[in-house]
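One file, structure19.cif, carrying mmCIF, C-alpha atoms:
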```cif
data_final
#
loop_
_atom_site.group_PDB
_atom_site.id
_atom_site.type_symbol
_atom_site.label_atom_id
_atom_site.label_comp_id
_atom_site.auth_asym_id
_atom_site.auth_seq_id
_atom_site.Cartn_x
_atom_site.Cartn_y
_atom_site.Cartn_z
ATOM 1 C CA MET H 1 -18.213 -30.105 32.208
ATOM 2 C CA PRO H 2 -15.775 -28.110 29.974
ATOM 3 C CA ASN H 3 -16.279 -24.368 30.098
ATOM 4 C CA SER H 4 -16.564 -22.074 27.086
ATOM 5 C CA ASN H 5 -13.045 -20.730 27.565
ATOM 6 C CA ASP H 6 -11.566 -24.237 27.205
ATOM 7 C CA LYS H 7 -13.514 -24.762 23.990
ATOM 8 C CA GLY H 8 -12.392 -21.398 22.668
ATOM 9 C CA ASP H 9 -8.737 -22.149 23.456
ATOM 10 C CA LYS H 10 -8.926 -25.525 21.706
ATOM 11 C CA SER H 11 -10.590 -23.976 18.674
ATOM 12 C CA LYS H 12 -7.860 -21.322 18.502
ATOM 13 C CA GLU H 13 -5.113 -23.938 18.811
ATOM 14 C CA GLN H 14 -6.730 -26.003 16.060
ATOM 15 C CA SER H 15 -6.966 -22.973 13.786
ATOM 16 C CA LEU H 16 -3.301 -22.101 14.383
ATOM 17 C CA ALA H 17 -2.265 -25.685 13.627
ATOM 18 C CA GLN H 18 -4.211 -25.611 10.368
ATOM 19 C CA ILE H 19 -2.671 -22.283 9.326
ATOM 20 C CA SER H 20 0.786 -23.681 10.127
ATOM 21 C CA LEU H 21 0.080 -26.663 7.894
ATOM 22 C CA ILE H 22 -0.858 -24.404 4.968
ATOM 23 C CA LYS H 23 2.321 -22.402 5.588
ATOM 24 C CA GLU H 24 4.296 -25.647 5.591
ATOM 25 C CA TYR H 25 2.971 -26.607 2.155
ATOM 26 C CA PHE H 26 3.732 -23.246 0.577
ATOM 27 C CA SER H 27 7.157 -23.110 2.250
ATOM 28 C CA MET H 28 7.984 -26.419 0.565
ATOM 29 C CA HIS H 29 7.056 -24.869 -2.806
ATOM 30 C CA PRO H 30 8.523 -21.341 -2.773
ATOM 31 C CA ASN H 31 8.114 -19.019 -5.757
ATOM 32 C CA LEU H 32 5.655 -21.349 -7.500
ATOM 33 C CA GLU H 33 2.176 -20.348 -8.659
ATOM 34 C CA ILE H 34 -0.103 -22.935 -7.056
ATOM 35 C CA HIS H 35 -3.816 -23.597 -7.472
ATOM 36 C CA THR H 36 -5.795 -23.793 -4.242
ATOM 37 C CA LYS H 37 -7.043 -27.277 -5.219
ATOM 38 C CA ASP H 38 -3.508 -28.658 -4.951
ATOM 39 C CA VAL H 39 -3.045 -27.016 -1.552
ATOM 40 C CA VAL H 40 -6.411 -28.228 -0.262
ATOM 41 C CA ASP H 41 -5.752 -31.820 -1.371
ATOM 42 C CA TRP H 42 -2.428 -31.924 0.484
ATOM 43 C CA VAL H 43 -3.380 -30.127 3.705
ATOM 44 C CA THR H 44 -6.638 -32.028 4.218
ATOM 45 C CA SER H 45 -4.835 -35.338 3.743
ATOM 46 C CA ALA H 46 -1.890 -34.356 5.960
ATOM 47 C CA TYR H 47 -4.165 -32.958 8.695
ATOM 48 C CA LEU H 48 -6.250 -36.132 8.761
ATOM 49 C CA GLU H 49 -3.121 -38.285 8.911
ATOM 50 C CA ARG H 50 -1.518 -36.260 11.695
ATOM 51 C CA THR H 51 -4.543 -35.533 13.886
ATOM 52 C CA GLY H 52 -7.268 -37.931 12.782
ATOM 53 C CA LYS H 53 -9.524 -34.917 12.297
ATOM 54 C CA ILE H 54 -11.088 -33.232 9.264
ATOM 55 C CA PHE H 55 -9.627 -29.935 8.070
ATOM 56 C CA ARG H 56 -12.693 -27.803 7.425
ATOM 57 C CA ASP H 57 -12.587 -24.821 5.055
ATOM 58 C CA PRO H 58 -8.876 -24.748 4.141
ATOM 59 C CA ASP H 59 -9.712 -22.127 1.490
ATOM 60 C CA ARG H 60 -10.448 -19.716 4.311
ATOM 61 C CA GLY H 61 -7.008 -20.359 5.779
ATOM 62 C CA ILE H 62 -5.365 -19.664 2.427
ATOM 63 C CA ARG H 63 -7.271 -16.386 2.078
ATOM 64 C CA SER H 64 -6.238 -15.468 5.625
ATOM 65 C CA LEU H 65 -2.559 -15.937 4.777
ATOM 66 C CA TYR H 66 -3.000 -13.799 1.669
ATOM 67 C CA GLN H 67 -4.655 -11.055 3.730
ATOM 68 C CA ARG H 68 -1.761 -11.164 6.197
ATOM 69 C CA GLY H 69 0.747 -10.746 3.379
ATOM 70 C CA PHE H 70 2.269 -14.245 3.622
ATOM 71 C CA LEU H 71 0.990 -15.139 0.145
ATOM 72 C CA GLN H 72 0.616 -13.306 -3.150
ATOM 73 C CA LYS H 73 -2.606 -13.741 -5.119
ATOM 74 C CA ILE H 74 -1.668 -14.248 -8.775
ATOM 75 C CA SER H 75 -5.185 -14.739 -10.136
ATOM 76 C CA LYS H 76 -8.448 -16.313 -9.033
ATOM 77 C CA GLY H 77 -7.565 -19.445 -7.079
ATOM 78 C CA ILE H 78 -3.823 -19.106 -7.747
ATOM 79 C CA TYR H 79 -1.399 -18.128 -4.968
ATOM 80 C CA LYS H 80 2.360 -17.910 -4.552
ATOM 81 C CA TYR H 81 4.678 -17.870 -1.575
ATOM 82 C CA ALA H 82 7.688 -15.637 -2.268
ATOM 83 C CA PRO H 83 9.928 -15.508 0.847
ATOM 84 C CA LYS H 84 11.277 -12.029 0.061
ATOM 85 C CA TYR H 85 7.761 -10.655 -0.497
ATOM 86 C CA ALA H 86 6.471 -12.224 2.729
ATOM 87 C CA GLN H 87 9.406 -10.827 4.696
ATOM 88 C CA ASP H 88 8.840 -7.332 3.318
ATOM 89 C CA LYS H 89 5.145 -7.561 4.180
ATOM 90 C CA GLN H 90 5.953 -8.512 7.773
ATOM 91 C CA GLN H 91 8.176 -5.459 8.036
ATOM 92 C CA GLN H 92 5.137 -3.335 7.192
ATOM 93 C CA ASP H 93 3.392 -4.260 10.453
ATOM 94 C CA PHE H 94 3.553 -1.786 13.334
ATOM 95 C CA THR H 95 5.657 -2.761 16.323
ATOM 96 C CA SER H 96 4.182 -2.569 19.813
ATOM 97 C CA VAL H 97 6.331 0.516 20.484
ATOM 98 C CA GLN H 98 5.017 2.243 17.348
ATOM 99 C CA LYS H 99 1.440 1.402 18.290
ATOM 100 C CA GLN H 100 1.875 3.002 21.703
ATOM 101 C CA GLU H 101 3.399 6.127 20.148
ATOM 102 C CA ILE H 102 0.503 6.461 17.694
ATOM 103 C CA LEU H 103 -2.079 5.947 20.441
ATOM 104 C CA LYS H 104 -0.377 8.568 22.600
ATOM 105 C CA ARG H 105 -0.160 11.037 19.708
ATOM 106 C CA ASP H 106 -3.871 10.553 18.929
ATOM 107 C CA ARG H 107 -4.748 10.865 22.638
ATOM 108 C CA TYR H 108 -6.103 7.328 22.724
ATOM 109 C CA LYS H 109 -9.124 8.303 20.631
ATOM 110 C CA CYS H 110 -10.463 7.428 17.184
ATOM 111 C CA VAL H 111 -9.333 10.192 14.826
ATOM 112 C CA ILE H 112 -12.704 10.047 13.028
ATOM 113 C CA CYS H 113 -15.335 9.992 15.780
ATOM 114 C CA GLY H 114 -13.286 10.829 18.895
ATOM 115 C CA ALA H 115 -14.417 7.731 20.802
ATOM 116 C CA GLY H 116 -11.951 6.162 23.224
ATOM 117 C CA ARG H 117 -11.695 3.217 25.560
ATOM 118 C CA GLU H 118 -13.606 5.161 28.191
ATOM 119 C CA ASN H 119 -16.557 4.919 25.780
ATOM 120 C CA GLY H 120 -16.236 1.148 25.716
ATOM 121 C CA VAL H 121 -14.822 0.945 22.171
ATOM 122 C CA GLU H 122 -11.890 -1.122 20.959
ATOM 123 C CA LEU H 123 -9.092 0.890 19.360
ATOM 124 C CA HIS H 124 -7.001 -0.228 16.378
ATOM 125 C CA ILE H 125 -3.826 1.108 14.801
ATOM 126 C CA ASP H 126 -4.496 1.525 11.089
ATOM 127 C CA HIS H 127 -2.276 2.180 8.073
ATOM 128 C CA ILE H 128 -3.445 5.478 6.493
ATOM 129 C CA LYS H 129 -2.035 4.266 3.181
ATOM 130 C CA PRO H 130 -2.944 0.542 3.141
ATOM 131 C CA LYS H 131 -0.228 -2.105 3.188
ATOM 132 C CA ASP H 132 -1.588 -3.594 -0.031
ATOM 133 C CA MET H 133 -0.872 -0.260 -1.726
ATOM 134 C CA GLY H 134 2.674 -0.055 -0.388
ATOM 135 C CA GLY H 135 1.900 1.699 2.892
ATOM 136 C CA LEU H 136 4.778 1.487 5.356
ATOM 137 C CA ALA H 137 4.740 0.919 9.097
ATOM 138 C CA THR H 138 5.783 4.432 10.099
ATOM 139 C CA ILE H 139 4.408 6.703 12.802
ATOM 140 C CA GLU H 140 3.363 9.176 10.113
ATOM 141 C CA ASN H 141 1.400 6.484 8.249
ATOM 142 C CA GLY H 142 -0.409 5.297 11.356
ATOM 143 C CA GLN H 143 -3.675 6.440 12.878
ATOM 144 C CA THR H 144 -5.972 5.384 15.704
ATOM 145 C CA LEU H 145 -9.411 4.132 14.693
ATOM 146 C CA CYS H 146 -12.253 2.614 16.658
ATOM 147 C CA SER H 147 -13.218 -0.900 15.569
ATOM 148 C CA GLN H 148 -16.279 0.366 13.678
ATOM 149 C CA HIS H 149 -14.417 2.914 11.577
ATOM 150 C CA ASN H 150 -11.531 0.507 10.997
ATOM 151 C CA PHE H 151 -14.036 -2.042 9.692
ATOM 152 C CA LEU H 152 -15.680 0.561 7.456
ATOM 153 C CA LYS H 153 -12.330 1.607 6.009
ATOM 154 C CA LYS H 154 -11.242 -1.977 5.280
ATOM 155 C CA ASN H 155 -14.520 -2.694 3.473
ATOM 156 C CA PHE H 156 -14.790 0.642 1.662
ATOM 157 C CA LYS H 157 -13.228 -0.748 -1.509
ATOM 158 C CA GLN H 158 -15.937 -3.388 -1.624
ATOM 159 C CA THR H 159 -18.633 -0.701 -1.556
ATOM 160 C CA GLU H 160 -16.801 1.105 -4.374
ATOM 161 C CA THR H 161 -16.877 -2.079 -6.428
ATOM 162 C CA GLY H 162 -20.582 -2.483 -5.680
ATOM 163 C CA LYS H 163 -21.455 1.054 -6.730
ATOM 164 C CA LYS H 164 -19.509 0.741 -9.978
ATOM 165 C CA MET H 165 -21.267 -2.545 -10.697
ATOM 166 C CA PHE H 166 -24.733 -0.979 -10.266
ATOM 167 C CA ILE H 167 -23.706 1.952 -12.482
ATOM 168 C CA ARG H 168 -22.699 -0.455 -15.242
ATOM 169 C CA LEU H 169 -25.888 -2.441 -14.740
ATOM 170 C CA TYR H 170 -27.951 0.757 -14.948
ATOM 171 C CA GLU H 171 -26.218 1.774 -18.186
ATOM 172 C CA LEU H 172 -26.873 -1.664 -19.662
ATOM 173 C CA ALA H 173 -30.534 -1.554 -18.620
ATOM 174 C CA GLU H 174 -30.821 1.894 -20.199
ATOM 175 C CA LYS H 175 -29.441 0.608 -23.516
ATOM 176 C CA GLU H 176 -31.822 -2.340 -23.425
ATOM 177 C CA ASN H 177 -34.707 -0.067 -22.425
ATOM 178 C CA ASN H 178 -35.360 -2.238 -19.362
ATOM 179 C CA GLN H 179 -37.244 0.196 -17.134
ATOM 180 C CA GLU H 180 -37.743 -2.236 -14.254
ATOM 181 C CA LEU H 181 -34.009 -2.915 -13.983
ATOM 182 C CA GLN H 182 -33.255 0.801 -14.311
ATOM 183 C CA ASP H 183 -35.599 1.574 -11.410
ATOM 184 C CA PHE H 184 -33.945 -1.120 -9.292
ATOM 185 C CA CYS H 185 -30.444 0.273 -9.939
ATOM 186 C CA VAL H 186 -31.592 3.840 -9.271
ATOM 187 C CA SER H 187 -33.010 2.812 -5.887
ATOM 188 C CA ILE H 188 -29.691 1.180 -4.932
ATOM 189 C CA LEU H 189 -27.586 4.090 -6.185
ATOM 190 C CA ASN H 190 -29.815 6.576 -4.373
ATOM 191 C CA THR H 191 -29.066 4.692 -1.157
ATOM 192 C CA PHE H 192 -25.353 5.270 -1.714
ATOM 193 C CA GLU H 193 -26.079 8.983 -2.068
ATOM 194 C CA ASP H 194 -28.461 9.132 0.910
ATOM 195 C CA PHE H 195 -25.740 7.790 3.191
ATOM 196 C CA ASN H 196 -22.931 9.738 1.479
ATOM 197 C CA ILE H 197 -21.072 6.548 0.529
ATOM 198 C CA ASN H 198 -18.540 6.744 -2.327
ATOM 199 C CA GLY H 199 -19.638 10.232 -3.340
ATOM 200 C CA HIS H 200 -16.467 10.564 -5.424
ATOM 201 C CA ILE H 201 -17.893 7.981 -7.861
ATOM 202 C CA GLU H 202 -20.397 9.874 -10.022
ATOM 203 C CA TRP H 203 -23.138 8.446 -12.225
ATOM 204 C CA LYS H 204 -25.415 10.072 -14.756
ATOM 205 C CA ARG H 205 -29.121 9.322 -14.774
#
```
Any chance you could give the structure as structure tokens?
Amino acid sequence: MPNSNDKGDKSKEQSLAQISLIKEYFSMHPNLEIHTKDVVDWVTSAYLERTGKIFRDPDRGIRSLYQRGFLQKISKGIYKYAPKYAQDKQQQDFTSVQKQEILKRDRYKCVICGAGRENGVELHIDHIKPKDMGGLATIENGQTLCSQHNFLKKNFKQTETGKKMFIRLYELAEKENNQELQDFCVSILNTFEDFNINGHIEWKR
């Protein structure tokens, strides 16, 4: 009977093989703006031909490569592989030596909550200025975060987008004199305030 570790290793190997196949396609078409449909058609066909298996959710693999900096997102569903851009992005990742220096400087604790490995938390090295905004892999631009605060930081922009959306929806409901929708938006926006989330984004009632 195969154990769970064997299954996990096979799943990881399969995922890596699928990512490599997506990389292969984009590497054959450098500096071209390509729709995900064209990528999906090729990789699913090639994966089936090479392995006899179905490539499930190739869109997720494409998004993963974009998040890693291998691809540029041109617009919704359109991506481009620019070798120079991808190389520069890779240079923005911290080296293992830099990570150790940052951990040592921060005393192996999350700079936000002070939790460390002795508290059973996983520590991450985070870019203070995000890579997507041009943040470099320097000691000065690095900080130690626990997994929870690293997750919160990475998803903070999404909460900003959500708050702005509810503000616009509230303003629209106000113009249309839709009291029920106004009340709904107010309850959501009050939750942002109750938990002190995105306090720098103000809204007028």
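With distances restricted to all atoms listed in the file, H:Met165 is the closest residue to Trp203 in chain H from H:Ile74, H:Cys146, H:Met165, H:Ile19.
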Taking the file as shown, find all residues satisfying the PyMOL selection byres ((chain H and resi 32-43) around 7) and write them as a VMD selection string. chain H and resid 21 to 22 29 to 31 44 to 47 58 77 to 81
What is the distance between CA of Ser15 in chain H and CA of Ser64 in chain H, in Å to one decimal?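 Rounded to one decimal, the two atoms are 11.1 Å apart.
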Å distance separating CA of Gln67 in chain H from CA of Lys154 in chain H, one decimal place: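 CA of Gln67 in chain H sits 11.3 Å away from CA of Lys154 in chain H.
For the atom pair formed by CA of Ser147 in chain H and CA of Cys110 in chain H, the distance is 8.9 Å, given to one decimal.
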For Gly162 in chain H, which residue among H:Leu189, H:Ala137, H:Leu16, H:Leu181 is the nearest when counting all atoms listed in the file? H:Leu189
Resolved residues for the PyMOL selection byres ((chain H and resi 70) around 9) as a PyMOL selection string: chain H and resi 23+64-69+71-72+80-83+85-87+89-90
Might you spell out which residues the PyMOL selection byres ((chain H and resi 121) around 10) would select in the displayed file, as a PyMOL selection string? chain H and resi 109-110+115-120+122-124+145-148
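Candidate residues H:Thr51, H:Gln92, H:Phe166, H:Asp57 were compared for distance to Thr138 in chain H, and the nearest is H:Gln92, using only C-alpha atoms.
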Between H:Lys175, H:Lys84, H:Lys164, H:Arg105, single out the one closest to Gly142 in chain H, counting only C-alpha atoms.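 The shortest atom-to-atom distance to Gly142 in chain H comes from H:Arg105.
Comparing the minimum interatomic distances between Pro130 in chain H and each of H:Ile112, H:Arg60, H:Phe156, H:Ile197, counting all atoms listed in the file, we find that H:Phe156 sits nearest.
Considering only C-alpha atoms, the residue among H:Gln182, H:Gln100, H:Thr159, H:Asn177 positioned nearest to Asn198 in chain H is H:Thr159.
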Would you mind listing what lies within 10 Å of Gly199 in chain H as a PyMOL selection string, with all atoms listed in the file counted and same-chain residues fewer than 5 positions away left out? chain H and resi 160+163+192-194
